Protein chains: 2
Amino acid sequence: MIRSRLPIVALSILVLALASACEPGDTRSAMRPATNGSMNGSLTALMEARGLSEADVVAALKTYTPTGGRDEYVQFASGGHSGQVFAIGLPSMRMLKVIAVFTPEPWQGFGYGDETVDLLDSGNRNGKPMRWADTHHPALSETNGDYDGKFLFINDKANARVAVVDLRDFATKQIVTSKLIESDHGATFVTPNTEYVIESAQYPAPLGGTYAPIEDYDEKYRGAVIFWKFDREKGRIVPEESWAIETPPYMQDLADAGKRASDGWVFVNSFNTERSWGGSEEGNPPMESGASQNDMDYLHLIPWRKAEAVVAAGKTETIAGMRVISMETAVAEGLLFFVPEPKSPHGVDVAPDGEDIVVSGKLDTHATVYSFTKLKGLIDQQKFDGKDPYGVPILPFEESIRGQVEIGLGPLHTQYDADGNAYTSVFIESTVAKWSLADLQVIEKIPVHYNVGHIAAAEGDTVSPDGKYLVAMNKWAIDRFNDVGPLIPQNFQLIDIAGDGMNLLYDMPIPGGEPHYAQIIKADKLAPWDVYTPVGLNVLTDEVDPNAVTGGEERIERRPDGVHVFMTAIRSHFKPDVIRVKQGERVHIHVTNVEQAKDATHGLAIGSQNINVSLEPGKHANISFVADEPGVFPLYCTEFCSALHLEMAGYMLVEP
Amino acid sequence: MIRSRLPIVALSILVLALASACEPGDTRSAMRPATNGSMNGSLTALMEARGLSEADVVAALKTYTPTGGRDEYVQFASGGHSGQVFAIGLPSMRMLKVIAVFTPEPWQGFGYGDETVDLLDSGNRNGKPMRWADTHHPALSETNGDYDGKFLFINDKANARVAVVDLRDFATKQIVTSKLIESDHGATFVTPNTEYVIESAQYPAPLGGTYAPIEDYDEKYRGAVIFWKFDREKGRIVPEESWAIETPPYMQDLADAGKRASDGWVFVNSFNTERSWGGSEEGNPPMESGASQNDMDYLHLIPWRKAEAVVAAGKTETIAGMRVISMETAVAEGLLFFVPEPKSPHGVDVAPDGEDIVVSGKLDTHATVYSFTKLKGLIDQQKFDGKDPYGVPILPFEESIRGQVEIGLGPLHTQYDADGNAYTSVFIESTVAKWSLADLQVIEKIPVHYNVGHIAAAEGDTVSPDGKYLVAMNKWAIDRFNDVGPLIPQNFQLIDIAGDGMNLLYDMPIPGGEPHYAQIIKADKLAPWDVYTPVGLNVLTDEVDPNAVTGGEERIERRPDGVHVFMTAIRSHFKPDVIRVKQGERVHIHVTNVEQAKDATHGLAIGSQNINVSLEPGKHANISFVADEPGVFPLYCTEFCSALHLEMAGYMLVEP
């Protein structure tokens, strides 16, 4: 960002430069901003014609990224109920990729070939195929509390799942789920060295997927916080090394891991400490009012390193295959504490130094700033204000906080910059409030459009935030864009926070799904692969596939388990290109893209079989299905690969 | 677009205006482009810092659309093998919506509730669920050859399907498929009053889905052109009023309907008149070389009004439920003519006046301009150069054309502007060539990045093109954007064609699927609904659903076929909110969003059931499934609807 002030002379020089090539009568070139150094267009006329204010001109120049230019940051945003993750470049606000995570996506072949069907099936619940998700909170892997650009984690609120995305190829590698819980929301958040990926339940249920009448809610329904162990070497979560802590049947909400001063702790919000479960048919109040009675809910404090030791000591019970520290053990071992937090909070956000922990109460007007030193001191002194009905000790509120900031109506989520400022989204007001961590005073507010949920600042929840940019993720966008029917996009608004103030730069419609949360990483921390090497890589095992095919070894083999086709793809043909099978035979196609040129991607689609795989350079894929219908089925390349792409085709013949 | 030239004085005034508020020492506001009328930023410094040329500044101002601003055009682009359609605003190049068409999309609830599962199932092939597509060519409905903004059609090349999207709600209403053919590419194209939606086969196969050895390719494999009858009142294709014409086993490719001078005709390209079918294992050449032997392929000419009369006269046979005019009948009745066209053509594009028909031969360097008057004259005179092996008369090439334009390497697709110019994409060269229809001379070329496939100009294939904008849909984008792994986005480049020259304005990465073709409509021709009215609308039947629920009538009924839940959704609760069933019971949820406020959308997700429906204001949806697993399953609203959105939840209890 530019901080120099405007020298009048400089602008005058610019104008002269722009105007210099503009001779009267030169109608041909009048509107041609050619690349020869002259800019003949009339800026004033352009501004007038397009209704641009001076601020708009600055915003345009701060966001426009010319052909071939790179974005400085990449924002990974949950795709909400699209079930995917959106990768967006900043400041241009261009969507670079929709990463398929939980929902089938045929461009990526995701869910239309063996490996990815198996991957999706690994996320099934009760044996039932799960083919969508409500993704909420992406978490970039961290090293010493800073994004390291290696992995991305994302949860599925609807079906209590967590996925691992490898940022070398922006592809989903693993989906894990535990029947311990039925939904999650406080997920995913990582510990400062990505030891664990945290997943907290949202809607309480009997642990382990069993049934209990809802009238037994208080006794038999529970929440839990799962600590999924991450193996960075393997790039996979290790379920058998993961564990959980049982929590009361409040609705656990967002979480954050402690860092620096608070390293080793995890903080989890909750709402509905009233334990309302609805029941309108029985004359109960709906949950929206039942869950909004108490003035305070409970922030959960968990010392995860200590809990890890308790797990290692075997003080767990196993539920649905997961080692679980019971509430009783958690209380006895000092692993779970509560501190009151204002009514129905959403975000709990640890400041860069780890000392301040900011909670926003959606139905309160404050951001409440807890002091980790105070919290820890109270715990060490065992100074409690009593216990909740489940025996969890409650810290005294007033002695836990450093103060409260009067934010406005509906504070929701907080991010940080490099200069000691915090930014809190204010849902009901539709603003973002900038405030000082030092003196807990609001500095400025900027209106956003409308009903902002989460916000994301550049590296804004790490130990070293960058400032510069903030994105407001607005839920409603009623009058911002061209109408596209009753279902309208969300609105991501890019805000310049580089200077002293906040300035709106850009409105980006989100064309599918409702992103809830995002993280923004410096682009130069990412080092994605151009191609898969060595050729024949199975991108889910990270090894050369046993059935990888090299040029010259293409063949068709008939085996007891069916017809095996060993195929290569190269511009612009498949070899072999004709597959003959008998009706009812099982077909196994093993196909390798033997190219190593960047972007020389092929696809292999087979008509009427619901099959399509994406074959990036070097990638191997396996396909298997039963040829249960006789007929003639074209197969072809689904990525435009050359002038003869349409001819990259063949046939599968199924003889009756 | 602005055509006035630059008065130096105007720019100077602008500079003074911009600079006027910039007082020395005012560091606070130096970089704040505030909205109070002063622009304090330094344009030169900004340009320098962001590496912007003067042409970039003009491009930025021509594309940047400030908050709340509207785009002038909407581009409907195929989503390629995403199976969807992308709606993009021009000139901002922001994606406004991904319209779910053939692939499940949970944000829209598409494929996760009864109506849309049934809709997707209506596109099954051989009883096999089809859950993806390779969408290629969207076609806007037309009135008198001009876009009318009412409907959009889109094909699925992989599985020979056609879908109807209603532009009142940007939602897919119908999927049709015929086993007559196995794939399509020359689809969809509409006749000038949307009487028919045209779908041409691509890869020949025995008509009707039967089996024949590939060695019988010449005798038993065929193409076909299907004319799907569209009922504008109902907004649906009427399969029983649709019909087809059998064609030789060439690969029929893109098509276009005649207009004005050529109204009543359809033109269909072809390649692989060599009838190569690959067979590398048998020592045959791969199709890419086998199909590239002939210097000429055949442009197909079909008088569809005359064919319609032949169908009405009953001169058809029925194959796979479709009335088909055999090749023999087509020849006998004068319904099918060929004219040679240069090697492996792709686009056939009828000029606005209907007289010129431009064909681009991918392996030829020309755009060939046929004269409809000449073609018609030759046909009327029965002046043929012989027949193809299937008896189809061939018109003499030289007497059919008005001329050829030397375009360059790999001409592919042509669009038109309002000033008598044509624009042809040049794939191998990676350029777009602008040329004059009057004198058939190239005026200018602009480089694009890279390997451009189709292009779309504003209303550029109608009887009254707008000019102004052209989008180059580039297949490869190797160095244009931040790296996102081996699978990289396509690149849509917006080109300003308003002036005499062509100027690149914007690069837009396409984050999912490979768009092949697009149409660009003036935004003010679209009039989408804000909400569904009346409340309770079933958006697939266009009527109030028989199970629609009004406030106060919520209930749960046990019937022989299962448990029926009549539910309403309103900010922020479902009523009823607790559903109790026994394991194995069938559950039917009938849910109505009773709101009528714009954007007051709710979603209803049920944990671990693979269920999510989108409930835009007024919409009714039905959900049914068997509660086959016991347990406690949260249900909740998946659209952030209010501050108490998280509390818009309930439970489904499945008692063992």
# chains A, B, ... in the order shown; residues from 1 in each chain; ligands from 1
$ select_by_dssp --residues "range 445-655 of chain B" --states "strand (DSSP E or B)" --output "ChimeraX atom specification"
/B:445-447,452-458,467-474,490-496,503-510,518-522,537-538,543-544,555-559,562-570,573-575,578-582,586-593,602-606,611-615,619-626,631-636,649-655
$ residues_around --residues "range 640-645 of chain B" --least-positions-apart "2" --cutoff "7 Å" --atoms "only C-alpha atoms" --output "PyMOL selection string"
(chain A and resi 288+362+475) or (chain B and resi 571-572+600-602+638+647-648)
$ residues_around --residues "range 380-396 of chain B" --least-positions-apart "2" --cutoff "12 Å" --atoms "only C-alpha atoms" --output "count of residues only"
47
$ residues_around --residues "range 61-78 of chain A" --least-positions-apart "3" --cutoff "6 Å" --atoms "only C-alpha atoms" --output "PDB file with C-alpha atoms, in the first residue's frame"
ATOM      1  CA  VAL A  58      -8.765   4.927  -6.168  1.00  0.00           C
ATOM      2  CA  VAL A  85     -13.837 -24.246  -0.326  1.00  0.00           C
ATOM      3  CA  PHE A  86     -13.362 -21.087  -2.381  1.00  0.00           C
ATOM      4  CA  ALA A  87      -9.849 -19.781  -3.122  1.00  0.00           C
ATOM      5  CA  ILE A  88      -9.981 -16.049  -3.887  1.00  0.00           C
ATOM      6  CA  GLY A  89      -7.171 -13.700  -4.893  1.00  0.00           C
ATOM      7  CA  LEU A  90      -6.779 -10.363  -3.086  1.00  0.00           C
ATOM      8  CA  PRO A  91      -6.973  -7.515  -3.905  1.00  0.00           C
ATOM      9  CA  SER A  92      -8.507  -8.460  -7.269  1.00  0.00           C
ATOM     10  CA  THR A 135     -18.564 -26.119   5.433  1.00  0.00           C
ATOM     11  CA  HIS A 136     -17.950 -23.427   7.993  1.00  0.00           C
ATOM     12  CA  PRO A 138     -11.367 -23.315   7.183  1.00  0.00           C
ATOM     13  CA  PRO A 515     -19.200 -18.713   3.163  1.00  0.00           C
ATOM     14  CA  TYR A 517     -15.441 -17.941   7.699  1.00  0.00           C
ATOM     15  CA  ALA A 518     -12.209 -17.432   5.845  1.00  0.00           C
ATOM     16  CA  GLN A 519      -8.483 -17.101   6.325  1.00  0.00           C
ATOM     17  CA  ILE A 520      -6.228 -14.933   4.192  1.00  0.00           C
ATOM     18  CA  ILE A 521      -2.652 -16.002   3.560  1.00  0.00           C
ATOM     19  CA  LYS A 522       0.232 -14.157   1.896  1.00  0.00           C
ATOM     20  CA  ALA A 523       0.386 -15.684  -1.566  1.00  0.00           C
TER      21      ALA A 523
ATOM     22  CA  ALA B  60      -9.682  -0.539 -14.494  1.00  0.00           C
ATOM     23  CA  ARG B 480      -2.022 -15.596 -15.883  1.00  0.00           C
ATOM     24  CA  PHE B 481      -2.978 -16.137 -12.249  1.00  0.00           C
ATOM     25  CA  ASN B 482      -1.647 -17.219  -8.887  1.00  0.00           C
ATOM     26  CA  ASP B 507      -8.726 -11.325 -17.100  1.00  0.00           C
TER      27      ASP B 507
END
$ decode --residues "range 520-614 of chain A" --atoms "C-alpha atoms" --output "CSV table (one decimal), in the first residue's frame"
chain,number,residue,atom,x,y,z
A,520,ILE,CA,-6.2,-14.9,4.2
A,521,ILE,CA,-2.7,-16.0,3.6
A,522,LYS,CA,0.2,-14.2,1.9
A,523,ALA,CA,0.4,-15.7,-1.6
A,524,ASP,CA,4.1,-16.2,-1.5
A,525,LYS,CA,3.7,-18.7,1.3
A,526,LEU,CA,2.0,-21.0,-1.1
A,527,ALA,CA,4.1,-23.2,-3.3
A,528,PRO,CA,1.7,-25.4,-5.3
A,529,TRP,CA,2.9,-28.0,-7.7
A,530,ASP,CA,2.7,-27.3,-11.5
A,531,VAL,CA,2.4,-31.0,-12.4
A,532,TYR,CA,2.3,-34.4,-10.7
A,533,THR,CA,5.7,-36.0,-10.6
A,534,PRO,CA,6.7,-38.8,-11.1
A,535,VAL,CA,4.3,-39.7,-13.8
A,536,GLY,CA,1.7,-42.2,-12.6
A,537,LEU,CA,1.1,-40.6,-9.2
A,538,ASN,CA,-2.0,-41.6,-7.3
A,539,VAL,CA,-2.8,-38.3,-5.7
A,540,LEU,CA,-4.6,-39.9,-2.8
A,541,THR,CA,-1.8,-42.2,-1.8
A,542,ASP,CA,1.0,-39.8,-2.8
A,543,GLU,CA,2.7,-42.8,-4.4
A,544,VAL,CA,3.0,-44.1,-8.0
A,545,ASP,CA,-0.1,-46.1,-8.5
A,546,PRO,CA,0.5,-49.9,-8.8
A,547,ASN,CA,-1.5,-49.7,-12.0
A,548,ALA,CA,0.2,-46.7,-13.5
A,549,VAL,CA,0.7,-47.0,-17.2
A,550,THR,CA,3.7,-45.9,-19.2
A,551,GLY,CA,3.8,-45.3,-22.9
A,552,GLY,CA,4.2,-48.6,-24.8
A,553,GLU,CA,2.7,-50.7,-22.0
A,554,GLU,CA,-0.9,-49.9,-22.9
A,555,ARG,CA,-2.9,-53.1,-23.0
A,556,ILE,CA,-6.2,-54.8,-22.2
A,557,GLU,CA,-6.2,-57.8,-19.9
A,558,ARG,CA,-9.0,-60.1,-19.0
A,559,ARG,CA,-8.8,-61.2,-15.4
A,560,PRO,CA,-11.2,-63.1,-13.1
A,561,ASP,CA,-12.4,-59.8,-11.7
A,562,GLY,CA,-13.1,-58.3,-15.0
A,563,VAL,CA,-11.6,-56.5,-17.9
A,564,HIS,CA,-8.6,-54.4,-17.1
A,565,VAL,CA,-7.7,-51.5,-19.5
A,566,PHE,CA,-4.3,-50.0,-19.0
A,567,MET,CA,-4.5,-46.7,-20.8
A,568,THR,CA,-2.4,-43.6,-21.4
A,569,ALA,CA,-3.6,-40.1,-22.3
A,570,ILE,CA,-1.5,-37.8,-24.3
A,571,ARG,CA,-2.3,-35.0,-26.7
A,572,SER,CA,-4.5,-36.0,-28.4
A,573,HIS,CA,-5.5,-39.6,-28.0
A,574,PHE,CA,-6.2,-42.3,-25.5
A,575,LYS,CA,-4.5,-45.6,-26.1
A,576,PRO,CA,-6.2,-48.0,-26.3
A,577,ASP,CA,-9.2,-46.1,-27.6
A,578,VAL,CA,-11.6,-49.0,-28.2
A,579,ILE,CA,-12.8,-51.1,-25.3
A,580,ARG,CA,-14.8,-54.2,-26.0
A,581,VAL,CA,-16.6,-55.9,-23.1
A,582,LYS,CA,-19.5,-58.3,-22.6
A,583,GLN,CA,-22.6,-57.1,-20.8
A,584,GLY,CA,-22.3,-57.7,-17.1
A,585,GLU,CA,-18.6,-57.7,-17.1
A,586,ARG,CA,-16.8,-55.5,-14.6
A,587,VAL,CA,-14.6,-52.9,-16.3
A,588,HIS,CA,-11.4,-51.5,-14.7
A,589,ILE,CA,-9.8,-48.6,-16.4
A,590,HIS,CA,-6.3,-47.6,-15.3
A,591,VAL,CA,-5.4,-44.4,-17.0
A,592,THR,CA,-2.3,-42.3,-16.7
A,593,ASN,CA,-1.7,-38.8,-18.2
A,594,VAL,CA,1.9,-39.3,-19.3
A,595,GLU,CA,2.4,-35.6,-20.0
A,596,GLN,CA,4.6,-33.3,-17.8
A,597,ALA,CA,3.7,-29.9,-19.5
A,598,LYS,CA,1.9,-27.5,-17.2
A,599,ASP,CA,-1.8,-27.3,-17.8
A,600,ALA,CA,-1.7,-30.3,-20.2
A,601,THR,CA,-4.7,-31.7,-18.4
A,602,HIS,CA,-7.0,-34.3,-19.9
A,603,GLY,CA,-10.3,-35.7,-18.7
A,604,LEU,CA,-11.8,-39.1,-19.4
A,605,ALA,CA,-15.5,-39.3,-19.6
A,606,ILE,CA,-17.5,-42.3,-20.6
A,607,GLY,CA,-21.0,-41.7,-21.8
A,608,SER,CA,-24.0,-42.8,-19.8
A,609,GLN,CA,-21.8,-44.3,-17.0
A,610,ASN,CA,-21.6,-41.3,-14.7
A,611,ILE,CA,-17.9,-41.4,-15.0
A,612,ASN,CA,-15.5,-38.5,-15.4
A,613,VAL,CA,-11.9,-38.2,-14.1
A,614,SER,CA,-9.6,-35.3,-14.3
